[in-house]
Each structure stands twice: as structure tokens, then as C-alpha cells.
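K.L.:
What follows is a structure written as C-alpha cells; I'll ask about it next.
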Amino acid sequence: MGTVTEVFDRGMDVLTVALGLCCVGLGWWALLRPRRPPEPIKGPVWVVRIWGLGYVLLGISLTIESVTLMAGGEPGRPADLTRWVAGPLVVGSLLAAFLSRRWERRRARATNEGRQA
């Protein structure tokens, strides 16, 4: 029987695997249905697909690293490299989606003001 800390560590590993699989599922959904993306990433289709790809890579990285730790191994460079690629994809696409929505609102406001004049 393990100590409380070991049980807690295994529970966190299982939670991280579940989180990684959820990231893969959410990213896959965005890749397959870019015109109906999850709420935080509404924007142009290319932005949604980049976000989806980043989330799939991030989820794969989290899952592989957690399974490796659960099996008693050491996480390797591929998981780190995948995360270094996925991070900028996710953050960059979120920034692009935010700027795109802001630009659309500004353009809509300018169009409405032009009609009222």
C-alpha cells in the first residue's frame, strides 16, 4: 500500500492524462469544424485551425509525458519540443482571434456610423 503522497501523485497523473485527452478532443473538434469553433477561439477559419492544431499537439504532449511518468520513466525531449511548438500556436491563434474580433467590431461600428450620417 502506498503513502498518501503516492496516491495523490497517481491521481494527479490520471487527471493530467484526462486533461491531455480533452485537449486533443477539443483541438480535433476545432480542426474538423472550423466554422463552429469553441467559444474562446471565434475568428477566421485559418486561426481556428491553427488553434486546433496547437491544442492537439499540447494534449498529445501532456498525455505522453504523464503516461511516461506513471510508467516510471523520465520525460524526454520530444514532449518538451512538442510543447514548445504547441504553446506559440495556441497563444498566437488566441491573439489573432482577439484582434480579428476587435477589428470586426470596429469595422461594424464605422459602418453603422456611416449609415446614420
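In the C-alpha cells, each chain is lettered A, B, ... as it comes, each chain's residues begin at 1, and ligands are numbered from 1 in order of appearance.
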Quick one: residues within 7 Å of stretch 94-102 of chain A, only C-alpha atoms counted, chain neighbours fewer than 5 positions away excluded, as a PyMOL selection string?
P.N.:
chain A and resi 41-43+47
K.L.:
Can you list, as an NGL selection string, all residues belonging to stretch 12-106 of chain A that DSSP tags as alpha helix (DSSP H)?
P.N.:
:A and (12-32 or 45-70 or 77-106)
K.L.:
Give me the stretch 51-116 of chain A side of the contact with stretch 2-25 of chain A, cut-off 6 Å, one line per residue showing its nearest atom pair and distance in Å at one decimal, counting only C-alpha atoms, sorted by chain and residue number, as CSV.
P.N.:
```
residue,atom,partner,partner_atom,distance
A:Tyr55,CA,A:Cys23,CA,5.6
A:Val56,CA,A:Val24,CA,4.2
A:Gly59,CA,A:Gly20,CA,3.9
A:Leu62,CA,A:Gly20,CA,5.1
A:Thr63,CA,A:Val17,CA,4.7
A:Ser66,CA,A:Asp13,CA,5.6
```
K.L.:
Neighbours of A:Gly54 within 9 Å (only C-alpha atoms; same-chain residues fewer than 2 positions away dropped), as an MDAnalysis selection string?
P.N.:
chainID A and resid 27 49:52 56:59 83 85:91 93
K.L.:
With distances taken over only C-alpha atoms, which residue among A:Ala79, A:Ile60, A:Val67, A:Val45 lies nearest A:Leu31?
P.N.:
A:Val45
K.L.:
Record the distance separating atom CA of A:Ile64 and atom CA of A:Gly76, expressed in Å with one decimal.
P.N.:
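Separation of atom CA of A:Ile64 and atom CA of A:Gly76: 9.7 Å.
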